[in-house]
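Visitor: Have a look at this one before I ask anything.
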Amino acid sequence: MAEKALITIGDKQYELPIIIGSENEKAIDITKLREMTGYITLDNGYLNTGACSSGITFLDGENGILRYRGIPIEQLAEKSTFTEVAYLLIYGKLPNDAELQDWNHHLTRHTMIHEDLKRLFNGFPKDGHPMAILSCLIASLSTYYQDSYDPENPEHRQISMVRLIAKFPTLAAFAYKKSIGQPAVHPINSLDYCSNFLNMMFSVPAEGYHVDPEISKAMNLLLILHADHEQNCSTSTVRLVGSSLANIYAAISSGICALWGPRHGGANQEVLEMLQGIKEKGWTVKQVIENAKDKNSTFRLSGFGHRVYKNFDPRAKIIKKACDNVLNKLGIKDPLLDIAKELEEAALKDDYFVQRKLYPNVDFYSGIIYRALGIPTNMFTVMFGMGRLPGWIAQWKEMIEAPGMKIGRPRQIYTGPTEISYSDAKKK
């Protein structure tokens with residue numbers, strides 16, 4: 001007999017189904033709660049609300065587990081490539097050699113953007129944030145591909161997904177070049193995904209540019225670690241907008257806007273800005289730790305702890321090792337990176353942080369690596385978005401293809417004034 005949950009309201013009792021996931025996660029199905037009882041649930045921030053069933057990513061915050069399609073993130077980080085992980089997330093399986101070659105070929109052939117699209121860049125101010133520019137440009141892609149953005153058409157979905165992953169690095173690099181007043185660099189088909197992006201970011205027409213394989217490797221790792229993270233703010237936004245059957249470009253653009261916030265993808269930018277502030281104040285690491293523990297201090301320590309992971313962030317363990325390797329390999333001397341390493345070491349030994357399990361998270365280390373790779377601070381969130389793109393697409397595709405898909409429409413508890421006539425309201 002299937003397990004049921006009982007809810008008692010007044011003198012009536014109602015049975016609600018219990019749903020059990022493949023990893024033994026349990027949920028009370030309240031789909032018919034309002035129909036049965038006239039009540040809804042209230043869950044501020046949706047912290048206890050499952051908005052969907054998904055077979056893409058499993059996340060266990062208590063035990064520090066993250067798996068894409070069942071494969072541990074540690075194994076993917078060691079053995080896979082970003083484009084292979086993208087295929088895994090979107091299509092539900094690892095590609096064989098022929099499938100991966102074909103996938104990479106299609107991504108390579110669609111990296112160019114329409115020449116008319118470049119005119120949009122001229123309309124943005126030089127100091128415009130790349131995330132603002134990127135969200136606009138991604139949405140504008142729908143105007144160039146009006147013949148293939150029907151979400152319910154499988155062929156339209158396929159070509160749109162390829163175009164998005166292929167063109168995102170081109171648009172991101174162009175946005176950066178705009179911000180520093182340099183000419184845009186076109187993609188080169190002979191380069192792999194990450195190397196191509198780095199070339200578009202850092203090469204100039206006046207001289208050649210050599211893509212350091214160590215830098216390309218580190219970037220590949222960062223993108224894999226960010227590729228999906230279950231039903232976070234930006235992913236939920238993509239799903240919600242996509243549920244209206246808006247085209248995929250509009251849905252992904254909305255996800256970029258959600259990711260931009262400092263409580264989400266903007267956190268890695270906040271880490272570097274925090275380190276810059278520490279340097280400017282001339283604080284010692286001991287002073288930083290004390291201010292972080294002082295409830296009366298306005299100082300906020302960024303990059304420690306996580307909303308979901310209550311033990312440790314498995315991505316942080318991987319990225320810390322990569323961070324150490326990159327800094328040693330490149331021999332970079334940077335006062336901000338020195339502060340970061342001292343701060344990490346001090347926090348890991350401090351009882352206040354250890355007892356509260358405030359370990360450095362992925363944002364702390366990713367910002368450090370991006371700085372070491374030469375990525376400017378205002379591009380950090382763009383890099384996060386590039387990594388998260390396959391996850392957004394996979395979640396959107398899963399939702400669109402699910403039987404009985406419904407438009408998202410949360411309820412509310414109204415707390416405003418009760419009915420009042422227009423005339424009485426005017427008197428007030």
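Chain identifiers are assigned as A, B, and so on, following the order in which chains appear in the structure tokens; residues are numbered from 1 within each chain, and ligands are numbered from 1 in order of appearance.
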Select from range 71-290 of chain A everything DSSP, run on the backbone, classes as alpha helix (DSSP H), then give the selection as a PyMOL selection string.
Guide: chain A and resi 73-79+82-91+97-109+118-122+130-144+154-180+193-202+213-225+233-242+248-259+267-281+285-290
Visitor: Please provide as an NGL selection string all residues within 8 Å of Ala322 in chain A, with the sequence filter that same-chain residues fewer than 4 positions apart are discarded (counting only C-alpha atoms).
Guide: :A and (218 or 318 or 326)
Visitor: Neighbouring residues of Ser366 in chain A were defined as those with any atom within 9 Å, considering only C-alpha atoms; residues of the same chain fewer than 3 positions away were excluded. Please report them as a list in words.
Guide: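 Skipping anything fewer than 3 positions along the chain leaves Leu222, Asn268, Ala316, Ile319, Lys320, Cys323, Asn361, Val362, Asp363, Ile369, Tyr370, Arg371 and Phe380 of chain A.
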Visitor: Could you tell me how far CA of Lys357 in chain A lies from CA of Asn311 in chain A, in Å and to one decimal?
Guide: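 About the pair CA of Lys357 in chain A and CA of Asn311 in chain A: they are 6.0 Å apart.
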Visitor: Using only C-alpha atoms, find the one residue out of A:Ile20, A:Phe364, A:Thr41, A:Phe124 that sits nearest to Arg315 in chain A.
Guide: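 Nearest candidate to Arg315 in chain A out of A:Ile20, A:Phe364, A:Thr41, A:Phe124: A:Phe364.
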Visitor: Skip Gly55 in chain A itself and residues of its chain fewer than 2 positions away, then list as a list in words all residues within 12 Å of it, counting only C-alpha atoms.
Guide: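 Result of the neighbour search: Gly21, Ser22, Glu23, Cys52, Ser53, Thr57, Phe58, Leu59, Arg67, Tyr68, Arg69, Gly70, Ile71, Leu88, Leu89, Ile90, Tyr91, Gly92, Lys93, Glu230, Gln231, Gly391, Ala394, Gln395, Lys397, Glu398, Met399 and Ala402 of chain A.
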Visitor: When DSSP works through the backbone of this structure, what residues of range 27-263 of chain A end up as strand (DSSP E), shown as a PDB file with N, CA and C atoms, in the first residue's frame?
Guide:
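result10.pdb written:
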```pdb
ATOM      1  N   ALA A  27       8.494  13.670  -0.815  1.00  0.00           N
ATOM      2  CA  ALA A  27       7.707  14.892  -0.944  1.00  0.00           C
ATOM      3  C   ALA A  27       6.234  14.571  -0.755  1.00  0.00           C
ATOM      4  N   ILE A  28       5.520  15.493  -0.166  1.00  0.00           N
ATOM      5  CA  ILE A  28       4.072  15.384  -0.057  1.00  0.00           C
ATOM      6  C   ILE A  28       3.466  16.084  -1.268  1.00  0.00           C
ATOM      7  N   THR A  57      19.877  16.640 -12.158  1.00  0.00           N
ATOM      8  CA  THR A  57      20.921  16.832 -11.150  1.00  0.00           C
ATOM      9  C   THR A  57      20.439  16.405  -9.776  1.00  0.00           C
ATOM     10  N   PHE A  58      21.285  15.648  -9.072  1.00  0.00           N
ATOM     11  CA  PHE A  58      20.993  15.278  -7.685  1.00  0.00           C
ATOM     12  C   PHE A  58      21.943  16.035  -6.779  1.00  0.00           C
ATOM     13  N   LEU A  59      21.373  16.695  -5.795  1.00  0.00           N
ATOM     14  CA  LEU A  59      22.142  17.504  -4.863  1.00  0.00           C
ATOM     15  C   LEU A  59      21.738  17.141  -3.444  1.00  0.00           C
ATOM     16  N   ASP A  60      22.698  16.746  -2.629  1.00  0.00           N
ATOM     17  CA  ASP A  60      22.475  16.451  -1.209  1.00  0.00           C
ATOM     18  C   ASP A  60      23.335  17.408  -0.407  1.00  0.00           C
ATOM     19  N   ILE A  65      26.968  16.168  -1.711  1.00  0.00           N
ATOM     20  CA  ILE A  65      26.952  15.335  -2.918  1.00  0.00           C
ATOM     21  C   ILE A  65      26.357  16.129  -4.075  1.00  0.00           C
ATOM     22  N   LEU A  66      27.010  16.061  -5.236  1.00  0.00           N
ATOM     23  CA  LEU A  66      26.494  16.665  -6.459  1.00  0.00           C
ATOM     24  C   LEU A  66      26.764  15.710  -7.611  1.00  0.00           C
ATOM     25  N   ARG A  67      25.694  15.325  -8.314  1.00  0.00           N
ATOM     26  CA  ARG A  67      25.831  14.415  -9.453  1.00  0.00           C
ATOM     27  C   ARG A  67      25.027  14.934 -10.625  1.00  0.00           C
ATOM     28  N   TYR A  68      25.619  14.857 -11.834  1.00  0.00           N
ATOM     29  CA  TYR A  68      24.904  15.163 -13.065  1.00  0.00           C
ATOM     30  C   TYR A  68      24.488  13.838 -13.698  1.00  0.00           C
ATOM     31  N   ILE A  71      26.192  10.827 -12.347  1.00  0.00           N
ATOM     32  CA  ILE A  71      27.663  10.754 -12.339  1.00  0.00           C
ATOM     33  C   ILE A  71      28.213  11.783 -11.357  1.00  0.00           C
ATOM     34  N   PRO A  72      29.043  11.361 -10.399  1.00  0.00           N
ATOM     35  CA  PRO A  72      29.599  12.297  -9.409  1.00  0.00           C
ATOM     36  C   PRO A  72      30.370  13.431 -10.070  1.00  0.00           C
TER      37      PRO A  72
END
```
Visitor: Using only C-alpha atoms, can you tell me which of A:Ser234, A:Thr49, A:Thr170, A:Asn296 comes closest to Ser253 in chain A?
Guide: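 Ranking A:Ser234, A:Thr49, A:Thr170, A:Asn296 by distance to Ser253 in chain A, first place goes to A:Ser234.
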Visitor: Distance CA of Gly261 in chain A-CA of Asn232 in chain A, one decimal place?
Guide: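 Taking CA of Gly261 in chain A as the start and CA of Asn232 in chain A as the end point, the length is 12.5 Å.
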Visitor: Which residues are near Met201 in chain A? Cut-off 8 Å, only C-alpha atoms, ignore same chain within fewer than 2 positions. Put them as a ChimeraX atom specification.
Guide: /A:173-174,176-177,185,197-199,203
Visitor: Could you give me, as number ranges by chain, the residues within 10 Å of Glu344 in chain A, counting only C-alpha atoms and dropping anything in the same chain fewer than 3 positions from it?
Guide: A: 285, 303-304, 338-341, 347-349, 359-360, 364-365
Visitor: In Å, with one decimal, what is the gap from CA of Ala251 in chain A to CA of Phe168 in chain A?
Guide: 14.2 Å
Visitor: Nearest to His306 in chain A among A:Thr377, A:Thr237, A:Ala267, A:Tyr145, with distances taken over only C-alpha atoms: which residue is it?
Guide: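 Of A:Thr377, A:Thr237, A:Ala267, A:Tyr145, the one nearest His306 in chain A is A:Ala267, counting only C-alpha atoms.
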